[in-house]
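Right, one structure below, let's go through it.
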Amino acid sequence: MTQTAHTSTSPGKQMLSEQVYTHLRDAIMRGDYAPGDALKPQSLAKEQGVSLAVVRESLVRVVGEGLADRLPNRGFAVPAFSDRRWQEIAEARRTIEPVMLRMSIERGDVDWEARVRAAHHRLARTPAYVPGEGEYYSDAWAAAHRDFHRTLLEGCGNPVLLETFDRMWIASELARRWTAHRRPERDGAPEHRRLEETALARDADAAAEVLTQHLTMTAVALTDRPHHEPSVDA
């Protein structure tokens with residue numbers, strides 16, 4: 001009897017957990033929570049009309065994706081600007097992705113070239129900001145941005161490397177949105193256009209250099225705090 005009851009309630013709990021997780025992830029990505037803000041399970045449970053257990057399960061998921069921290073004796077919080085992880089992720093991407101791009105340029109076929117061109121066209125034509133979606137990049141632009149970068153690297157033909165890219169991309173997405181808000185004067189369109197041009201020209205050295213500089217700028221924007229912005233420490 002106990003096993004049957006557990007089985008019948010489990011799908012409902014999973015659905016609630018998925019809803020709360022999606023709400024949390026989207027709210028953090030939209031900028032509803034500032035860097036360092038506390039994510040209080042009790043408040044979230046009351047706001048979403050669910051149990052503490054459901055909220056904690058959802059919080060553990062966003063922690064696993066790098067979108068929140070679990071702090072000893074302090075609960076959960078949005079990561080801070082000063083967190084060293086952003087620099088470490090940027091370093092990892094600068095180490096791995098230019099190598100993958102070189103492999104793509106060497107191995108990619110005509111179909112890969114066509115996908116790169118199409119992905120860049122979609123990115124260039126997608127608005128980065130949409131009213132009503134918060135102060136950070138729009139969901140549509142974020143999806144087009146990821147698709148362009150991943151398509152550039154897919155020509156490498158190595159699924160293990162591509163899985164590594166996927167993990168690093170998720171981990172760095174929040175920092176990327178933060179830097180767009182903190183450095184609104186940065187125009188990434190020329191950088192993306194240059195990436196497309198050098199990749200399709202099969203200029204591996206130039207493409208790798210452009211990608212390295214492109215990845216570096218996000219980390220620099222987090223390190224170089226604007227003068228009017230107070231320090232945010234974890």
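Just remember, in the structure tokens the first chain shown is A, the second B, etc., residues are 1-based per chain, and ligands are 1-based in the order shown.
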All residues 8 Å or closer to Arg25 (chain A), only C-alpha atoms, same chain fewer than 3 positions away omitted, as a PyMOL selection string: chain A and resi 21-22+28-29+62+67
Shell of 9 Å around region 115-128 of chain A, only C-alpha atoms, local chain residues under 2 positions omitted, as a VMD selection string: chain A and resid 110 to 113 130 136 to 145 147 to 149 151 to 152 189 192 to 193 196 199 to 200
Residues near Arg56 (chain A), cut-off 12 Å, only C-alpha atoms, skip fewer than 6 positions along chain, as JSON, numbers by chain: {"A": [16, 17, 18, 20, 21, 24, 39, 40, 41, 42, 43, 44, 45, 50, 62, 63, 70, 75, 76]}
Selected residue of minimal separation from Ala204 (chain A) among A:Leu101, A:Ile96, A:Phe81, A:Gly36, counting only C-alpha atoms: A:Leu101
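In terms of minimum interatomic distance to Arg107 (chain A), A:Leu153 ranks closest within A:Leu195, A:Leu153, A:Leu211, A:Ala90, counting only C-alpha atoms.
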Glu173 (chain A) environment, 10 Å, only C-alpha atoms, sequence neighbours closer than 3 positions dropped, as a PDB file with N, CA, C and O atoms, in the first residue's frame:
ATOM      1  N   MET A  29      18.116  34.187 -14.584  1.00  0.00           N
ATOM      2  CA  MET A  29      18.621  34.575 -15.897  1.00  0.00           C
ATOM      3  C   MET A  29      18.090  35.943 -16.332  1.00  0.00           C
ATOM      4  O   MET A  29      18.773  36.704 -17.011  1.00  0.00           O
ATOM      5  N   GLU A  65      23.720  23.593 -11.802  1.00  0.00           N
ATOM      6  CA  GLU A  65      23.974  24.247 -13.090  1.00  0.00           C
ATOM      7  C   GLU A  65      24.831  25.493 -12.950  1.00  0.00           C
ATOM      8  O   GLU A  65      25.092  26.185 -13.937  1.00  0.00           O
ATOM      9  N   GLY A  66      25.247  25.805 -11.739  1.00  0.00           N
ATOM     10  CA  GLY A  66      26.099  26.972 -11.532  1.00  0.00           C
ATOM     11  C   GLY A  66      25.348  28.279 -11.460  1.00  0.00           C
ATOM     12  O   GLY A  66      25.956  29.355 -11.518  1.00  0.00           O
ATOM     13  N   LEU A  67      24.016  28.221 -11.318  1.00  0.00           N
ATOM     14  CA  LEU A  67      23.209  29.437 -11.282  1.00  0.00           C
ATOM     15  C   LEU A  67      22.920  29.894  -9.851  1.00  0.00           C
ATOM     16  O   LEU A  67      22.291  30.932  -9.644  1.00  0.00           O
ATOM     17  N   ALA A 142      19.711  34.439 -26.754  1.00  0.00           N
ATOM     18  CA  ALA A 142      20.604  33.525 -26.036  1.00  0.00           C
ATOM     19  C   ALA A 142      20.668  32.172 -26.734  1.00  0.00           C
ATOM     20  O   ALA A 142      21.739  31.567 -26.847  1.00  0.00           O
ATOM     21  N   ARG A 146      24.076  30.634 -28.521  1.00  0.00           N
ATOM     22  CA  ARG A 146      24.630  29.315 -28.218  1.00  0.00           C
ATOM     23  C   ARG A 146      24.720  28.468 -29.487  1.00  0.00           C
ATOM     24  O   ARG A 146      25.723  27.784 -29.723  1.00  0.00           O
ATOM     25  N   MET A 168      30.339  23.770 -20.071  1.00  0.00           N
ATOM     26  CA  MET A 168      30.949  25.070 -19.820  1.00  0.00           C
ATOM     27  C   MET A 168      30.018  26.201 -20.238  1.00  0.00           C
ATOM     28  O   MET A 168      29.997  27.266 -19.609  1.00  0.00           O
ATOM     29  N   TRP A 169      29.256  25.990 -21.289  1.00  0.00           N
ATOM     30  CA  TRP A 169      28.349  27.037 -21.768  1.00  0.00           C
ATOM     31  C   TRP A 169      27.291  27.351 -20.718  1.00  0.00           C
ATOM     32  O   TRP A 169      27.036  28.514 -20.401  1.00  0.00           O
ATOM     33  N   ILE A 170      26.671  26.308 -20.175  1.00  0.00           N
ATOM     34  CA  ILE A 170      25.662  26.518 -19.137  1.00  0.00           C
ATOM     35  C   ILE A 170      26.275  27.247 -17.949  1.00  0.00           C
ATOM     36  O   ILE A 170      25.690  28.185 -17.399  1.00  0.00           O
ATOM     37  N   ARG A 176      27.745  35.783 -18.631  1.00  0.00           N
ATOM     38  CA  ARG A 176      27.630  36.457 -19.928  1.00  0.00           C
ATOM     39  C   ARG A 176      26.514  37.499 -19.893  1.00  0.00           C
ATOM     40  O   ARG A 176      26.657  38.612 -20.394  1.00  0.00           O
ATOM     41  N   ARG A 177      25.401  37.141 -19.285  1.00  0.00           N
ATOM     42  CA  ARG A 177      24.287  38.083 -19.207  1.00  0.00           C
ATOM     43  C   ARG A 177      24.619  39.252 -18.291  1.00  0.00           C
ATOM     44  O   ARG A 177      24.234  40.395 -18.556  1.00  0.00           O
ATOM     45  N   TRP A 178      25.339  38.973 -17.221  1.00  0.00           N
ATOM     46  CA  TRP A 178      25.750  40.045 -16.329  1.00  0.00           C
ATOM     47  C   TRP A 178      26.645  41.055 -17.043  1.00  0.00           C
ATOM     48  O   TRP A 178      26.489  42.256 -16.886  1.00  0.00           O
TER      49      TRP A 178
END
Sel. of strand (DSSP E) residues, region 67-229 of chain A, as a PyMOL selection string: chain A and resi 69-71+75-77
Point-to-point distance from CA of Cys156 (chain A) to CA of Gly108 (chain A), Å rounded to tenths: 6.7 Å
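Reported to one decimal place, the separation of CA of Gln19 (chain A) from CA of Thr164 (chain A) is 27.0 Å.
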